[in-house]
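Below: upload_35.txt (compact mmCIF, C-alpha atoms)
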```txt
# COMPACT_ATOMS: atom_id res chain seq x y z
CA MET A 38 -159.51 37.40 75.07
CA ILE A 39 -158.24 40.36 73.00
CA GLU A 40 -154.59 41.40 73.04
CA VAL A 41 -153.52 44.49 71.11
CA SER A 42 -149.72 44.42 71.32
CA ASN A 43 -147.48 47.34 70.32
CA ILE A 44 -149.35 48.12 67.11
CA SER A 45 -148.58 50.91 64.70
CA PHE A 46 -151.01 51.82 61.95
CA ARG A 47 -151.50 54.48 59.32
CA TYR A 48 -153.87 54.62 56.38
CA ALA A 49 -152.36 54.48 52.89
CA GLY A 50 -151.45 57.93 51.65
CA GLN A 51 -151.63 59.45 55.12
CA LYS A 52 -148.60 61.02 56.79
CA ASP A 53 -149.65 60.67 60.42
CA LEU A 54 -149.93 57.45 62.37
CA VAL A 55 -153.30 56.62 63.90
CA PHE A 56 -151.59 54.32 66.42
CA ASP A 57 -147.93 54.14 67.40
CA ASP A 58 -146.71 51.35 69.72
CA PHE A 59 -150.25 51.06 71.14
CA SER A 60 -151.23 48.19 73.45
CA LEU A 61 -154.50 47.14 75.07
CA THR A 62 -155.92 44.05 76.74
CA LEU A 63 -159.65 43.35 76.85
CA GLU A 64 -161.08 40.65 79.09
CA ALA A 65 -164.03 38.42 78.22
CA ASN A 66 -167.57 38.86 79.49
CA ASN A 67 -167.70 42.66 79.59
CA ILE A 68 -169.51 45.46 77.82
CA TYR A 69 -166.88 48.06 76.98
CA GLY A 70 -167.55 51.68 76.09
CA LEU A 71 -164.91 53.11 73.73
CA LEU A 72 -165.01 56.91 73.82
CA GLY A 73 -162.92 59.61 72.22
CA LYS A 74 -162.99 62.77 70.15
CA ASN A 75 -163.31 62.61 66.37
CA GLY A 76 -160.16 61.32 64.71
CA THR A 77 -158.69 59.52 67.71
CA GLY A 78 -158.97 56.10 66.06
CA LYS A 79 -162.04 54.52 67.68
CA SER A 80 -163.41 53.04 64.46
CA THR A 81 -159.92 52.09 63.30
CA LEU A 82 -159.35 50.15 66.52
CA LEU A 83 -162.56 48.18 65.98
CA TYR A 84 -161.53 47.34 62.42
CA LEU A 85 -158.09 46.24 63.62
CA ILE A 86 -159.66 44.03 66.30
CA SER A 87 -162.00 42.46 63.75
CA GLY A 88 -159.19 41.85 61.26
CA LEU A 89 -160.62 44.13 58.60
CA LEU A 90 -157.44 46.22 58.93
CA ARG A 91 -153.90 44.96 59.43
CA PRO A 92 -151.38 46.83 61.61
CA GLN A 93 -148.05 47.75 60.02
CA LYS A 94 -146.33 46.71 63.25
CA GLY A 95 -147.43 44.67 66.23
CA THR A 96 -150.27 42.19 66.48
CA VAL A 97 -153.95 42.00 67.39
CA ARG A 98 -154.93 38.60 68.76
CA TYR A 99 -158.29 37.11 69.62
CA ASP A 100 -157.96 34.03 71.83
CA GLY A 101 -154.31 33.88 70.85
CA VAL A 102 -154.89 34.00 67.07
CA ALA A 103 -153.95 37.03 64.95
CA THR A 104 -157.20 38.46 63.64
CA CYS A 105 -155.55 39.71 60.43
CA LYS A 106 -155.28 36.06 59.31
CA ARG A 107 -159.08 36.11 58.87
CA LEU A 108 -159.37 32.43 59.72
CA PRO A 109 -162.96 31.12 59.42
CA GLU A 110 -162.94 29.71 62.95
CA THR A 111 -161.97 33.18 64.25
CA LEU A 112 -164.43 35.09 62.08
CA GLN A 113 -167.24 32.83 63.30
CA GLU A 114 -166.71 34.35 66.74
CA ILE A 115 -166.50 38.03 65.72
CA PHE A 116 -169.26 40.27 64.37
CA ILE A 117 -168.86 43.98 63.62
CA VAL A 118 -171.67 46.48 63.06
CA PRO A 119 -170.09 49.50 61.31
CA GLU A 120 -171.44 53.02 61.63
CA GLU A 121 -172.37 53.09 57.95
CA PHE A 122 -173.14 50.11 55.76
CA ASP A 123 -175.27 48.90 52.87
CA LEU A 124 -177.49 45.85 52.85
CA PRO A 125 -178.08 43.78 49.69
CA TYR A 126 -181.10 44.02 47.43
CA MET A 127 -183.02 41.08 48.88
CA SER A 128 -185.46 40.07 51.59
CA LEU A 129 -184.36 39.57 55.17
CA ASN A 130 -185.40 35.93 54.98
CA ASP A 131 -183.08 35.34 52.01
CA TYR A 132 -180.27 37.22 53.77
CA VAL A 133 -180.65 35.00 56.84
CA LYS A 134 -180.70 31.80 54.76
CA ILE A 135 -177.42 32.79 53.08
CA ASN A 136 -175.56 34.00 56.17
CA GLU A 137 -176.78 32.04 59.18
CA PRO A 138 -174.91 28.80 58.30
CA PHE A 139 -171.58 30.58 58.90
CA TYR A 140 -172.41 31.19 62.57
CA PRO A 141 -172.71 27.89 64.44
CA ARG A 142 -174.81 29.32 67.30
CA PHE A 143 -177.12 31.48 65.20
CA SER A 144 -180.58 31.74 66.78
CA ARG A 145 -183.69 32.46 64.74
CA GLU A 146 -185.55 32.90 68.01
CA VAL A 147 -183.22 35.70 69.12
CA LEU A 148 -183.50 37.34 65.69
CA GLU A 149 -187.30 37.28 65.76
CA ASN A 150 -187.43 38.55 69.35
CA CYS A 151 -185.02 41.41 68.63
CA LEU A 152 -186.97 42.42 65.56
CA LYS A 153 -190.19 42.29 67.58
CA ASP A 154 -188.65 44.58 70.20
CA PHE A 155 -187.69 46.95 67.38
CA GLU A 156 -191.26 46.69 66.01
CA LEU A 157 -190.12 44.96 62.82
CA THR A 158 -190.90 41.59 61.23
CA THR A 159 -188.85 39.05 59.28
CA ASP A 160 -190.82 39.51 56.04
CA ILE A 161 -189.16 42.79 55.06
CA LYS A 162 -187.12 43.88 52.06
CA LEU A 163 -183.70 45.16 53.09
CA HIS A 164 -183.43 47.65 50.25
CA ALA A 165 -186.73 49.29 51.22
CA LEU A 166 -185.65 50.22 54.77
CA SER A 167 -184.64 53.58 56.16
CA MET A 168 -181.16 53.93 57.66
CA GLY A 169 -182.55 53.61 61.18
CA GLN A 170 -184.48 50.46 60.23
CA LYS A 171 -181.39 48.98 58.57
CA LYS A 172 -179.46 49.51 61.80
CA LYS A 173 -182.16 47.76 63.80
CA VAL A 174 -182.18 44.80 61.41
CA PHE A 175 -178.40 44.47 61.26
CA MET A 176 -178.02 44.76 65.03
CA SER A 177 -180.71 42.12 65.46
CA PHE A 178 -178.82 39.80 63.12
CA ALA A 179 -175.58 40.55 64.99
CA LEU A 180 -177.10 39.59 68.33
CA ALA A 181 -178.71 36.49 66.80
CA ALA A 182 -175.33 35.36 65.43
CA ASN A 183 -174.29 34.69 69.06
CA THR A 184 -170.63 35.39 68.44
CA SER A 185 -168.47 35.61 71.54
CA LEU A 186 -167.22 39.06 70.42
CA LEU A 187 -169.50 41.79 69.10
CA LEU A 188 -168.26 45.20 67.95
CA MET A 189 -170.60 48.15 67.37
CA ASP A 190 -169.54 51.50 65.91
CA GLU A 191 -171.96 54.35 66.76
CA PRO A 192 -174.92 51.95 67.01
CA THR A 193 -177.47 54.59 68.07
CA ASN A 194 -176.71 57.07 65.28
CA GLY A 195 -179.81 57.35 63.12
CA LEU A 196 -182.13 55.95 65.80
CA ASP A 197 -184.99 58.00 67.19
CA ILE A 198 -185.57 58.34 70.94
CA PRO A 199 -187.87 55.30 71.35
CA SER A 200 -185.50 53.19 69.25
CA LYS A 201 -182.56 54.09 71.51
CA SER A 202 -184.50 52.75 74.46
CA GLN A 203 -185.32 49.62 72.46
CA PHE A 204 -181.61 49.24 71.64
CA ARG A 205 -180.66 49.24 75.32
CA LYS A 206 -183.38 46.69 76.00
CA VAL A 207 -182.26 44.18 73.36
CA VAL A 208 -178.58 44.52 74.26
CA ALA A 209 -179.26 44.02 77.96
CA GLN A 210 -181.46 41.02 77.22
CA TYR A 211 -179.28 39.15 74.73
CA MET A 212 -175.70 39.95 75.79
CA THR A 213 -175.16 36.78 77.79
CA GLU A 214 -172.29 36.26 80.25
CA ASP A 215 -170.17 34.39 77.71
CA ARG A 216 -170.11 37.31 75.27
CA THR A 217 -168.10 40.53 75.01
CA LEU A 218 -169.34 43.75 73.45
CA ILE A 219 -167.35 46.84 72.52
CA ILE A 220 -169.40 49.96 71.74
CA SER A 221 -167.67 52.92 70.15
CA THR A 222 -169.85 56.00 70.49
CA HIS A 223 -170.21 59.74 70.91
CA GLN A 224 -173.78 59.29 72.16
CA VAL A 225 -172.72 58.59 75.73
CA HIS A 226 -176.12 58.93 77.38
CA ASP A 227 -177.50 56.25 75.04
CA VAL A 228 -175.20 53.56 76.47
CA GLU A 229 -173.94 54.59 79.92
CA SER A 230 -176.38 52.31 81.76
CA LEU A 231 -175.09 49.28 79.78
CA LEU A 232 -171.36 49.56 80.34
CA ASP A 233 -169.12 47.48 82.61
CA HIS A 234 -165.87 49.11 81.54
CA ILE A 235 -164.93 52.50 80.09
CA MET A 236 -162.02 53.33 77.80
CA ILE A 237 -161.29 56.92 76.73
CA LEU A 238 -159.00 57.13 73.74
CA SER A 239 -156.81 60.11 72.89
CA GLN A 240 -154.29 60.43 70.09
CA ARG A 241 -152.40 57.12 70.15
CA LYS A 242 -153.04 56.38 73.83
CA LEU A 243 -155.66 55.55 76.43
CA LEU A 244 -156.45 58.31 78.88
CA LEU A 245 -158.72 56.03 80.91
CA ASP A 246 -159.06 52.25 81.07
CA ALA A 247 -161.16 51.35 84.11
CA SER A 248 -164.19 49.36 85.12
CA VAL A 249 -167.35 51.16 86.14
CA ALA A 250 -166.98 49.54 89.58
CA GLU A 251 -163.51 51.05 89.98
CA ILE A 252 -164.75 54.49 88.93
CA THR A 253 -167.80 54.52 91.20
CA ASP A 254 -165.73 53.19 94.09
CA LYS A 255 -163.31 56.12 93.74
CA TYR A 256 -165.61 58.97 92.67
CA THR A 257 -169.11 60.25 93.28
CA PHE A 258 -171.21 61.95 90.60
CA GLU A 259 -173.84 64.38 91.86
CA TYR A 260 -175.39 67.85 91.63
CA ARG A 261 -174.41 70.53 94.14
CA GLN A 262 -175.01 74.15 94.96
CA PRO A 263 -172.15 76.71 94.64
CA ASP A 264 -171.44 76.64 98.40
CA GLN A 265 -170.82 72.84 98.34
CA MET A 266 -167.84 72.73 95.99
CA ASP A 267 -164.91 72.40 98.41
CA ASP A 268 -163.81 68.88 97.38
CA ALA A 269 -164.98 68.96 93.74
CA ILE A 270 -162.44 67.53 91.29
CA TYR A 271 -164.40 68.70 88.27
CA ALA A 272 -167.66 70.60 87.81
CA GLU A 273 -169.91 71.95 85.08
CA PRO A 274 -172.94 74.22 85.45
CA SER A 275 -176.35 72.69 84.77
CA LEU A 276 -180.01 73.45 85.32
CA GLN A 277 -180.00 71.23 88.43
CA GLY A 278 -177.00 73.02 89.92
CA ASN A 279 -173.35 72.19 89.35
CA ALA A 280 -172.70 68.70 87.99
CA VAL A 281 -169.77 67.52 90.10
CA ILE A 282 -167.20 64.75 90.30
CA ALA A 283 -165.75 64.45 93.80
CA PRO A 284 -163.85 61.81 95.79
CA ARG A 285 -166.25 59.25 97.21
CA LYS A 286 -166.32 59.11 100.98
CA ALA A 287 -166.27 55.77 102.76
CA ASP A 288 -169.84 56.12 104.01
CA SER A 289 -171.28 57.58 100.78
CA PRO A 290 -173.67 55.54 98.63
CA GLU A 291 -172.49 54.52 95.19
CA SER A 292 -173.61 56.89 92.41
CA GLN A 293 -174.25 56.29 88.74
CA VAL A 294 -171.50 57.39 86.37
CA ASN A 295 -172.23 60.58 84.44
CA LEU A 296 -170.35 59.52 81.33
CA GLU A 297 -170.34 62.91 79.64
CA LEU A 298 -169.00 64.58 82.79
CA LEU A 299 -166.37 61.87 83.20
CA PHE A 300 -165.28 62.19 79.57
CA ASN A 301 -164.86 65.97 79.88
CA ALA A 302 -162.94 65.63 83.14
CA VAL A 303 -160.57 63.01 81.74
CA THR A 304 -159.88 64.79 78.44
CA GLN A 305 -159.17 68.02 80.33
CA GLY A 306 -156.69 66.27 82.61
CA LYS A 307 -158.74 66.63 85.80
CA ILE A 308 -158.78 62.87 86.41
```

Is it possible to express this structure as structure tokens?
Amino acid sequence: MIEVSNISFRYAGQKDLVFDDFSLTLEANNIYGLLGKNGTGKSTLLYLISGLLRPQKGTVRYDGVATCKRLPETLQEIFIVPEEFDLPYMSLNDYVKINEPFYPRFSREVLENCLKDFELTTDIKLHALSMGQKKKVFMSFALAANTSLLLMDEPTNGLDIPSKSQFRKVVAQYMTEDRTLIISTHQVHDVESLLDHIMILSQRKLLLDASVAEITDKYTFEYRQPDQMDDAIYAEPSLQGNAVIAPRKADSPESQVNLELLFNAVTQGKI
């Protein structure tokens, strides 16, 4: 579905490249988690995939078409929710009337259900909303657009604890099998239960590009006491004991990925 081929990119006026001969392939029908430290290019990669930025070298293709061409038939299948954005001075109803015709599978029912889950209604004024409310509205519109590719940059920033739970609920409910979602985030615990595939980005390269099934088949994530650390690959102290990543034994049950622990282990070269 998405082919990032040998791209190089730098922002105007900047000396250093964000990406240099970088390649990546993303398959359809997955929820990807894109993780990385500040400044590693997570947001830039989303903008390159969406066509909002153009690589100086290489290509980014969606279903074989270069996204930088910004063709209407391509843009109808891609929706990006940036980390920060402004909404126009109008009602949500007017916003929907203007924008829904562009998306051929737009669903008012999905929009209303998402807003209901977020405890909002359609008769709201966009300019009167808090930042957290704006995020809820824009994410609801994004899901209702029913594009085959949805990109979200730090979607849970600005959301309170109940809203983060609501976010997971609406994503799980409305990300159908024919859609692909890429979530770039630092808030790993907000999304780890949603992800099918994890990518950890370092400067100009991927440190990890693996499905959750591959990770949990190879490793176990658990808490142990100090005398149980013989086969630990990576460990951190916690109130429950040591949080540990260890090789999974053939007869061991599958464990849930501890995304923060995995990120720390990968970026420190332990995995």

Set out as a tab-separated table a contact list for segment 219-291 of chain A and segment 48-59 of chain A with a cut-off of 12 Å, giving each residue of segment 219-291 of chain A that qualifies its closest atom pair and distance in Å to one decimal, counting all atoms listed in the file, ordered by chain and rising residue number.
```
residue	atom	partner	partner_atom	distance
A:Leu238	CA	A:Phe56	CA	10.8
A:Ser239	CA	A:Phe56	CA	10.1
A:Gln240	CA	A:Val55	CA	7.3
A:Arg241	CA	A:Phe56	CA	4.7
A:Lys242	CA	A:Phe59	CA	6.6
A:Leu243	CA	A:Phe59	CA	8.8
```

So that I can see what lies close to segment 219-225 of chain A, please list as an mmCIF file with C-alpha atoms, in the frame of the given file the residues with an atom at most 9 Å from it, counting all atoms listed in the file and leaving out residues fewer than 2 positions away in the same chain.
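Result written to out-v2.cif:
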```cif
data_model
loop_
_atom_site.group_PDB
_atom_site.id
_atom_site.type_symbol
_atom_site.label_atom_id
_atom_site.label_comp_id
_atom_site.auth_asym_id
_atom_site.auth_seq_id
_atom_site.Cartn_x
_atom_site.Cartn_y
_atom_site.Cartn_z
ATOM 1 C CA ASN A 67 -167.700 42.660 79.590
ATOM 2 C CA ILE A 68 -169.510 45.460 77.820
ATOM 3 C CA TYR A 69 -166.880 48.060 76.980
ATOM 4 C CA GLY A 70 -167.550 51.680 76.090
ATOM 5 C CA LEU A 71 -164.910 53.110 73.730
ATOM 6 C CA LEU A 72 -165.010 56.910 73.820
ATOM 7 C CA GLY A 73 -162.920 59.610 72.220
ATOM 8 C CA LYS A 74 -162.990 62.770 70.150
ATOM 9 C CA ASN A 75 -163.310 62.610 66.370
ATOM 10 C CA LYS A 79 -162.040 54.520 67.680
ATOM 11 C CA SER A 80 -163.410 53.040 64.460
ATOM 12 C CA LEU A 83 -162.560 48.180 65.980
ATOM 13 C CA LEU A 186 -167.220 39.060 70.420
ATOM 14 C CA LEU A 187 -169.500 41.790 69.100
ATOM 15 C CA LEU A 188 -168.260 45.200 67.950
ATOM 16 C CA MET A 189 -170.600 48.150 67.370
ATOM 17 C CA ASP A 190 -169.540 51.500 65.910
ATOM 18 C CA GLU A 191 -171.960 54.350 66.760
ATOM 19 C CA PRO A 192 -174.920 51.950 67.010
ATOM 20 C CA THR A 193 -177.470 54.590 68.070
ATOM 21 C CA ASN A 194 -176.710 57.070 65.280
ATOM 22 C CA THR A 217 -168.100 40.530 75.010
ATOM 23 C CA ASP A 227 -177.500 56.250 75.040
ATOM 24 C CA VAL A 228 -175.200 53.560 76.470
ATOM 25 C CA GLU A 229 -173.940 54.590 79.920
ATOM 26 C CA LEU A 232 -171.360 49.560 80.340
ATOM 27 C CA ASN A 295 -172.230 60.580 84.440
ATOM 28 C CA LEU A 296 -170.350 59.520 81.330
ATOM 29 C CA GLU A 297 -170.340 62.910 79.640
#
```

Any idea what's packed within 10 Å of segment 97-107 of chain A, counting all atoms listed in the file, ignoring anything in its chain fewer than 2 positions away? Could you give it as a PyMOL selection string?
chain A and resi 38-44+60-63+65+82+84-92+94-95+109-115+186

Selected residues written out, C-alpha atoms, as an mmCIF file, in the frame of the given file:
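Below is the file selection-v9.cif, written as the result:
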```cif
data_model
loop_
_atom_site.group_PDB
_atom_site.id
_atom_site.type_symbol
_atom_site.label_atom_id
_atom_site.label_comp_id
_atom_site.auth_asym_id
_atom_site.auth_seq_id
_atom_site.Cartn_x
_atom_site.Cartn_y
_atom_site.Cartn_z
ATOM 1 C CA MET A 38 -159.510 37.400 75.070
ATOM 2 C CA ILE A 39 -158.240 40.360 73.000
ATOM 3 C CA GLU A 40 -154.590 41.400 73.040
ATOM 4 C CA VAL A 41 -153.520 44.490 71.110
ATOM 5 C CA SER A 42 -149.720 44.420 71.320
ATOM 6 C CA ASN A 43 -147.480 47.340 70.320
ATOM 7 C CA ILE A 44 -149.350 48.120 67.110
ATOM 8 C CA SER A 60 -151.230 48.190 73.450
ATOM 9 C CA LEU A 61 -154.500 47.140 75.070
ATOM 10 C CA THR A 62 -155.920 44.050 76.740
ATOM 11 C CA LEU A 63 -159.650 43.350 76.850
ATOM 12 C CA ALA A 65 -164.030 38.420 78.220
ATOM 13 C CA LEU A 82 -159.350 50.150 66.520
ATOM 14 C CA TYR A 84 -161.530 47.340 62.420
ATOM 15 C CA LEU A 85 -158.090 46.240 63.620
ATOM 16 C CA ILE A 86 -159.660 44.030 66.300
ATOM 17 C CA SER A 87 -162.000 42.460 63.750
ATOM 18 C CA GLY A 88 -159.190 41.850 61.260
ATOM 19 C CA LEU A 89 -160.620 44.130 58.600
ATOM 20 C CA LEU A 90 -157.440 46.220 58.930
ATOM 21 C CA ARG A 91 -153.900 44.960 59.430
ATOM 22 C CA PRO A 92 -151.380 46.830 61.610
ATOM 23 C CA LYS A 94 -146.330 46.710 63.250
ATOM 24 C CA GLY A 95 -147.430 44.670 66.230
ATOM 25 C CA PRO A 109 -162.960 31.120 59.420
ATOM 26 C CA GLU A 110 -162.940 29.710 62.950
ATOM 27 C CA THR A 111 -161.970 33.180 64.250
ATOM 28 C CA LEU A 112 -164.430 35.090 62.080
ATOM 29 C CA GLN A 113 -167.240 32.830 63.300
ATOM 30 C CA GLU A 114 -166.710 34.350 66.740
ATOM 31 C CA ILE A 115 -166.500 38.030 65.720
ATOM 32 C CA LEU A 186 -167.220 39.060 70.420
#
```

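By all atoms listed in the file, and with residues fewer than 3 positions from Gly306 of chain A along its chain excluded, the set lying at most 12 Å from it is Ile237, Ser239, Leu244, Leu245, Ile270, Tyr271, Leu299, Phe300, Asn301, Ala302 and Val303 of chain A.
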
What's the separation between atom CA of Thr257 of chain A and atom CA of Ile235 of chain A, in Å to one decimal place?
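That distance, rounded to one decimal, is 15.9 Å.
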
Selected residue of minimal separation from Gly195 of chain A among A:Met266, A:Val207, A:Met168, A:Leu163, counting all atoms listed in the file
A:Met168

All residues 8 Å or closer to Val208 of chain A, all atoms listed in the file, same chain fewer than 4 positions away omitted, as a PyMOL selection string:
chain A and resi 180+204+212

Just want the 7 Å neighbourhood of segment 129-142 of chain A, counted on all atoms listed in the file, with same-chain residues fewer than 5 positions away dropped. Output as a ChimeraX atom specification.
/A:113,159-163,182-183

Set up a box along x, y and z of the file covering all listed atoms of segment 123-129 of chain A, add 8 Å on every one of the six sides, and write the centre and edge lengths in Å to one decimal, as JSON.
```
{"center_x": -180.4, "center_y": 44.2, "center_z": 51.3, "size_x": 26.2, "size_y": 25.3, "size_z": 23.7}
```

Could you list, with a cut-off of 9 Å and counting only C-alpha atoms, the residues of segment 246-275 of chain A near segment 282-292 of chain A, each shown with its nearest atom pair and the distance in Å rounded to one decimal, rows sorted by chain and ascending number, as a tab-separated table?
```
residue	atom	partner	partner_atom	distance
A:Thr253	CA	A:Glu291	CA	6.2
A:Asp254	CA	A:Arg285	CA	6.8
A:Lys255	CA	A:Arg285	CA	5.5
A:Tyr256	CA	A:Pro284	CA	4.6
A:Thr257	CA	A:Arg285	CA	5.0
A:Phe258	CA	A:Ile282	CA	4.9
A:Glu259	CA	A:Ile282	CA	6.8
A:Tyr260	CA	A:Ile282	CA	8.9
A:Met266	CA	A:Ala283	CA	8.8
A:Asp268	CA	A:Ala283	CA	6.0
A:Ala269	CA	A:Ala283	CA	4.6
A:Ile270	CA	A:Ala283	CA	5.2
A:Tyr271	CA	A:Ile282	CA	5.3
A:Ala272	CA	A:Ile282	CA	6.4
```

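Residue nearest Asn66 of chain A within the list A:Glu273, A:His226, A:Arg216, A:Val294: A:Arg216 [criterion: smallest interatomic distance, all atoms listed in the file].
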
Point-to-point distance from atom CA of Leu298 of chain A to atom CA of Thr77 of chain A, Å rounded to tenths
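Going from atom CA of Leu298 of chain A over to atom CA of Thr77 of chain A, I get 19.0 Å.
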
Pick from A:Ile308, A:Leu124, A:Ser200, A:Ser177: nearest to Ala247 of chain A, with only C-alpha atoms counted?
A:Ile308

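The space separating atom CA of Asp215 of chain A from atom CA of Leu108 of chain A comes to 21.1 Å.
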
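Minimum distance to Phe155 of chain A across A:Ile252, A:Leu196, A:Ala181, A:Met127 (counting all atoms listed in the file) occurs at A:Leu196.
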
Where atoms are absent from segment 217-225 of chain A, fill them in so it carries all heavy atoms, then output it as a compact mmCIF listing (two decimals), in the coordinates of the input.
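File written: out.txt
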```txt
# COMPACT_ATOMS: atom_id res chain seq x y z
N THR A 217 -168.74 39.24 74.77
CA THR A 217 -168.10 40.53 75.01
C THR A 217 -168.55 41.51 73.94
O THR A 217 -168.61 41.16 72.75
CB THR A 217 -166.56 40.38 74.96
OG1 THR A 217 -166.16 39.48 75.99
CG2 THR A 217 -165.87 41.72 75.17
N LEU A 218 -168.87 42.70 74.37
CA LEU A 218 -169.34 43.75 73.45
C LEU A 218 -168.48 44.99 73.63
O LEU A 218 -168.20 45.41 74.76
CB LEU A 218 -170.81 44.09 73.75
CG LEU A 218 -171.42 45.32 73.06
CD1 LEU A 218 -171.40 45.19 71.54
CD2 LEU A 218 -172.85 45.55 73.56
N ILE A 219 -168.05 45.56 72.52
CA ILE A 219 -167.35 46.84 72.52
C ILE A 219 -168.20 47.83 71.73
O ILE A 219 -168.50 47.59 70.55
CB ILE A 219 -165.95 46.75 71.90
CG1 ILE A 219 -165.12 45.65 72.56
CG2 ILE A 219 -165.22 48.09 72.01
CD1 ILE A 219 -163.78 45.40 71.89
N ILE A 220 -168.60 48.92 72.38
CA ILE A 220 -169.40 49.96 71.74
C ILE A 220 -168.56 51.21 71.62
O ILE A 220 -168.14 51.79 72.62
CB ILE A 220 -170.68 50.27 72.55
CG1 ILE A 220 -171.53 49.02 72.75
CG2 ILE A 220 -171.49 51.36 71.86
CD1 ILE A 220 -172.73 49.25 73.66
N SER A 221 -168.32 51.64 70.39
CA SER A 221 -167.67 52.92 70.15
C SER A 221 -168.75 53.95 69.88
O SER A 221 -169.61 53.75 69.01
CB SER A 221 -166.74 52.81 68.93
OG SER A 221 -166.29 54.09 68.53
N THR A 222 -168.75 55.05 70.63
CA THR A 222 -169.85 56.00 70.49
C THR A 222 -169.48 57.40 70.96
O THR A 222 -168.60 57.58 71.80
CB THR A 222 -171.08 55.51 71.27
OG1 THR A 222 -172.19 56.38 71.03
CG2 THR A 222 -170.80 55.47 72.77
N HIS A 223 -170.18 58.38 70.38
CA HIS A 223 -170.21 59.74 70.91
C HIS A 223 -171.48 59.96 71.74
O HIS A 223 -171.56 60.92 72.52
CB HIS A 223 -170.19 60.77 69.77
CG HIS A 223 -168.90 60.83 69.04
ND1 HIS A 223 -168.71 60.23 67.81
CD2 HIS A 223 -167.71 61.40 69.35
CE1 HIS A 223 -167.47 60.45 67.40
NE2 HIS A 223 -166.85 61.15 68.32
N GLN A 224 -172.48 59.12 71.52
CA GLN A 224 -173.78 59.29 72.16
C GLN A 224 -173.74 58.63 73.54
O GLN A 224 -174.35 57.58 73.76
CB GLN A 224 -174.88 58.69 71.29
CG GLN A 224 -174.83 59.08 69.82
CD GLN A 224 -175.06 60.57 69.62
OE1 GLN A 224 -175.83 61.18 70.35
NE2 GLN A 224 -174.42 61.13 68.62
N VAL A 225 -173.03 59.26 74.48
CA VAL A 225 -172.72 58.59 75.73
C VAL A 225 -173.95 58.28 76.58
O VAL A 225 -174.02 57.25 77.25
CB VAL A 225 -171.69 59.41 76.55
CG1 VAL A 225 -170.34 59.41 75.85
CG2 VAL A 225 -172.17 60.84 76.79
```
